[in-house]
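Novice: Contents of structure_1.cif (mmCIF, C-alpha atoms) are given next:
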data_my_file
loop_
_atom_site.label_atom_id
_atom_site.label_comp_id
_atom_site.auth_asym_id
_atom_site.auth_seq_id
_atom_site.Cartn_x
_atom_site.Cartn_y
_atom_site.Cartn_z
CA MET A 1 -198.24 123.35 -150.62
CA SER A 2 -200.45 124.32 -153.51
CA THR A 3 -203.78 122.74 -154.36
CA ALA A 4 -202.25 121.08 -157.43
CA HIS A 5 -200.31 118.72 -155.18
CA HIS A 6 -203.51 117.44 -153.57
CA HIS A 7 -204.84 116.06 -156.85
CA GLU A 8 -201.66 114.35 -158.03
CA PRO A 9 -201.70 110.55 -158.08
CA LEU A 10 -199.73 108.79 -155.40
CA ARG A 11 -196.17 108.42 -156.68
CA TRP A 12 -194.98 106.15 -153.93
CA HIS A 13 -197.52 103.36 -154.42
CA TRP A 14 -194.63 100.88 -154.66
CA LEU A 15 -194.11 101.48 -150.95
CA TYR A 16 -197.16 99.32 -150.19
CA ILE A 17 -195.66 96.18 -151.78
CA PRO A 18 -194.30 94.87 -148.42
CA LEU A 19 -197.71 95.39 -146.82
CA VAL A 20 -199.49 93.49 -149.59
CA ALA A 21 -196.98 90.64 -149.31
CA TYR A 22 -197.48 90.61 -145.53
CA LEU A 23 -201.25 90.29 -145.93
CA VAL A 24 -200.95 87.57 -148.57
CA PHE A 25 -198.65 85.41 -146.47
CA ALA A 26 -200.41 86.03 -143.15
CA VAL A 27 -204.04 85.64 -144.28
CA GLY A 28 -203.61 83.58 -147.46
CA PRO A 29 -203.53 80.12 -145.86
CA SER A 30 -206.74 80.82 -143.93
CA VAL A 31 -208.45 81.80 -147.18
CA LEU A 32 -207.05 78.86 -149.15
CA ALA A 33 -207.92 76.14 -146.58
CA PRO A 34 -211.73 76.37 -146.98
CA ILE A 35 -211.31 76.63 -150.75
CA LEU A 36 -209.19 73.47 -150.70
CA PHE A 37 -211.82 71.68 -148.63
CA VAL A 38 -214.69 72.65 -150.94
CA LEU A 39 -212.66 71.73 -154.01
CA SER A 40 -211.91 68.30 -152.54
CA LEU A 41 -215.66 67.71 -152.23
CA LEU A 42 -216.48 68.89 -155.76
CA VAL A 43 -213.48 67.87 -157.85
CA ASP A 44 -211.45 64.70 -157.91
CA ILE A 45 -208.37 65.94 -156.07
CA PRO A 46 -206.78 64.18 -153.12
CA PRO A 47 -209.42 64.34 -150.38
CA VAL A 48 -208.78 66.35 -147.28
CA GLN A 49 -209.21 64.62 -143.95
CA ARG A 50 -211.41 67.24 -142.29
CA ALA A 51 -212.78 70.71 -142.68
CA PRO A 52 -210.63 73.48 -141.20
CA ASP A 53 -212.01 74.52 -137.83
CA LEU A 54 -212.74 78.11 -136.90
CA ILE A 55 -209.95 78.27 -134.32
CA SER A 56 -207.25 77.33 -136.83
CA LEU A 57 -208.69 79.79 -139.36
CA LEU A 58 -208.32 82.56 -136.77
CA ILE A 59 -205.04 81.49 -135.14
CA TYR A 60 -203.03 80.87 -138.31
CA PRO A 61 -203.17 84.53 -139.50
CA LEU A 62 -201.93 85.67 -136.08
CA LEU A 63 -199.14 83.10 -136.05
CA LEU A 64 -198.11 83.78 -139.63
CA GLY A 65 -198.44 87.52 -139.06
CA LEU A 66 -195.91 87.20 -136.25
CA THR A 67 -193.68 85.18 -138.55
CA CYS A 68 -193.79 87.73 -141.37
CA TRP A 69 -192.77 90.69 -139.20
CA PRO A 70 -189.83 91.61 -141.51
CA PHE A 71 -192.30 92.75 -144.17
CA LEU A 72 -193.70 95.33 -141.75
CA TRP A 73 -190.23 96.40 -140.72
CA LEU A 74 -189.24 96.77 -144.38
CA TYR A 75 -192.23 99.03 -145.03
CA GLY A 76 -191.31 101.29 -142.13
CA PHE A 77 -187.63 101.36 -143.02
CA ALA A 78 -188.26 102.14 -146.70
CA ARG A 79 -190.81 104.83 -145.81
CA ASP A 80 -188.43 106.51 -143.35
CA ALA A 81 -185.53 106.33 -145.83
CA LEU A 82 -187.73 107.82 -148.54
CA ILE A 83 -188.85 110.66 -146.29
CA ALA A 84 -185.25 111.36 -145.30
CA ASP A 85 -183.96 111.40 -148.90
CA PRO A 86 -186.68 111.63 -151.58
CA SER A 87 -184.07 111.91 -154.34
CA SER A 88 -183.07 108.26 -153.82
CA GLU A 89 -186.53 106.97 -154.73
CA LYS A 90 -185.34 104.79 -157.63
CA SER A 91 -182.76 102.90 -155.59
CA LEU A 92 -185.09 102.56 -152.59
CA ARG A 93 -187.84 101.21 -154.83
CA LEU A 94 -185.55 98.60 -156.37
CA ALA A 95 -184.15 97.64 -152.97
CA ALA A 96 -187.62 97.27 -151.43
CA ILE A 97 -188.89 95.16 -154.33
CA MET A 98 -185.80 92.92 -154.26
CA SER A 99 -186.16 92.51 -150.50
CA VAL A 100 -189.83 91.56 -150.79
CA ILE A 101 -189.00 89.01 -153.48
CA ALA A 102 -186.18 87.54 -151.38
CA MET A 103 -188.46 87.15 -148.34
CA SER A 104 -191.44 85.93 -150.38
CA VAL A 105 -189.62 82.89 -151.72
CA PRO A 106 -189.27 81.18 -148.32
CA CYS A 107 -192.66 82.48 -147.14
CA SER A 108 -194.38 80.78 -150.06
CA LEU A 109 -193.74 77.56 -148.13
CA PHE A 110 -196.49 78.65 -145.71
CA LEU A 111 -198.83 79.56 -148.53
CA VAL A 112 -198.54 76.04 -149.94
CA THR A 113 -198.27 73.83 -146.85
CA ALA A 114 -200.38 75.60 -144.22
CA PRO A 115 -203.79 75.07 -145.91
CA ALA A 116 -203.06 71.37 -146.35
CA GLU A 117 -201.99 71.14 -142.73
CA MET A 118 -205.10 72.98 -141.55
CA THR A 119 -207.25 70.30 -143.17
CA SER A 120 -205.13 67.37 -141.95
CA SER A 121 -205.82 65.25 -138.89
CA ALA A 122 -202.86 66.70 -136.92
CA PRO A 123 -202.70 70.45 -137.61
CA GLY A 124 -200.07 72.78 -136.29
CA GLN A 125 -196.99 70.65 -135.78
CA ALA A 126 -194.94 71.26 -138.92
CA THR A 127 -195.99 74.88 -139.21
CA GLY A 128 -195.03 75.49 -135.59
CA PHE A 129 -191.46 74.34 -136.21
CA ALA A 130 -191.19 76.36 -139.42
CA VAL A 131 -192.58 79.48 -137.70
CA PHE A 132 -189.93 79.21 -134.98
CA PHE A 133 -187.12 79.18 -137.54
CA PHE A 134 -188.67 81.81 -139.81
CA ILE A 135 -189.09 84.34 -137.00
CA ILE A 136 -185.34 84.26 -136.53
CA LEU A 137 -184.07 83.62 -140.08
CA LEU A 138 -186.49 85.54 -142.35
CA PRO A 139 -184.72 88.91 -141.98
CA PHE A 140 -181.55 87.53 -143.61
CA PRO A 141 -183.01 87.06 -147.13
CA GLY A 142 -184.63 90.49 -146.73
CA ILE A 143 -181.32 92.12 -145.88
CA LEU A 144 -179.62 90.29 -148.74
CA GLY A 145 -182.36 91.42 -151.14
CA TRP A 146 -182.09 95.01 -149.88
CA LEU A 147 -178.33 95.10 -150.36
CA THR A 148 -178.63 93.47 -153.79
CA GLY A 149 -181.24 96.02 -154.88
CA ARG A 150 -179.18 98.94 -153.62
CA GLY A 151 -176.08 97.52 -155.32
CA ILE A 152 -177.88 97.13 -158.65
CA ALA A 153 -179.24 100.67 -158.31
CA TRP A 154 -175.76 101.96 -157.53
CA ILE A 155 -174.46 100.33 -160.73
CA LEU A 156 -177.38 101.49 -162.92
CA TRP A 157 -177.87 105.00 -161.52
CA PRO A 158 -174.54 106.29 -160.14
#
Any chance you could put this one into structure tokens?

Specialist:
Amino acid sequence: MSTAHHHEPLRWHWLYIPLVAYLVFAVGPSVLAPILFVLSLLVDIPPVQRAPDLISLLIYPLLLGLTCWPFLWLYGFARDALIADPSSEKSLRLAAIMSVIAMSVPCSLFLVTAPAEMTSSAPGQATGFAVFFFIILLPFPGILGWLTGRGIAWILWP
């Protein structure tokens, strides 16, 4: 490998999209809950019932991180497929992006409802049920998005 390759910009930066989505959906509610609480004190929005406690701010990212495991699997799968066949970068990129979009739509439910639940008087019940179903069902939209992306790439770039 020549020294010119060391100074080239990273061409596979799209590969980090599943990791960014994983961080947003796992840590996002714990960041948004204190912001929601402070906003309810300063602005005339529906008041929250209590401030989020430290335990829920620390437990929710672990619970949601467990729920969003398909994003990590997608990163590893796309990276391994890209290493095995670098010439299929265009179709792998489209498939990975479509898969992240397909999994992000249902995961946005957590981004919207979890901060409100963290500041409610009975936290953890609704999110617990949703987490149970998402751990099992979240790979299906990801697989559908992957196959859709690969199919579109197969049509566009034969």

Novice: Give me the result of the PyMOL selection byres ((chain A and resi 143) around 10) on this file, residue by residue, as a list in words.

Specialist: Pro70, Leu74, Ala95, Ala96, Met98, Ser99, Val100, Ala102, Met103, Leu138, Pro139, Phe140, Pro141, Gly142, Leu144, Gly145, Trp146, Leu147, Thr148 and Gly149 of chain A

Novice: Region 138-144 of chain A, all listed atoms, 4 Å padding on each side: what axis-aligned box centre and edge lengths in Å to one decimal come out, as lines of an AutoDock Vina configuration file?

Specialist:
center_x = -183.1
center_y = 88.8
center_z = -145.4
size_x = 14.9
size_y = 14.6
size_z = 14.8

Novice: With the file shown as input, list the residues that the PyMOL selection byres ((chain A and resi 92) around 9) selects, as an MDAnalysis selection string.

Specialist: chainID A and resid 78 81:82 88:91 93:97 146 149:150 153

Novice: I need the residue nearest Glu117 (chain A) from this list: A:Leu57, A:Tyr22, A:Val27, A:Pro158. Use all atoms listed in the file for the distance.

Specialist: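 Nearest candidate to Glu117 (chain A) out of A:Leu57, A:Tyr22, A:Val27, A:Pro158: A:Leu57.
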
Novice: Within 10 Å of Gly65 (chain A), counting only C-alpha atoms, which residues show up once you throw out same-chain ones fewer than 5 positions away? Write them as a list in words, please.

Specialist: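 With the cut-off at 10 Å, the set is Tyr22, Leu23, Val24, Phe25, Ala26, Val27, Ile59, Tyr60, Pro70, Phe71 and Leu72 of chain A.
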
Novice: Can you write just those residues out, C-alpha atoms, as a tab-separated table (two decimals), in the frame of the given file?

Specialist:
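Heads up, here's the output in again.tsv:
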chain	number	residue	atom	x	y	z
A	22	TYR	CA	-197.48	90.61	-145.53
A	23	LEU	CA	-201.25	90.29	-145.93
A	24	VAL	CA	-200.95	87.57	-148.57
A	25	PHE	CA	-198.65	85.41	-146.47
A	26	ALA	CA	-200.41	86.03	-143.15
A	27	VAL	CA	-204.04	85.64	-144.28
A	59	ILE	CA	-205.04	81.49	-135.14
A	60	TYR	CA	-203.03	80.87	-138.31
A	70	PRO	CA	-189.83	91.61	-141.51
A	71	PHE	CA	-192.30	92.75	-144.17
A	72	LEU	CA	-193.70	95.33	-141.75

Novice: What does the structure give for the distance between CA of Arg50 (chain A) and CA of Leu36 (chain A), in Å to one decimal?

Specialist: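 So the two atoms, CA of Arg50 (chain A) and CA of Leu36 (chain A), lie 10.7 Å apart.
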
Novice: With all atoms listed in the file as the basis for distance, which of A:Leu15, A:Ile55, A:Ile136, A:Ala84 is at the shortest distance from Cys68 (chain A)?

Specialist: A:Ile136
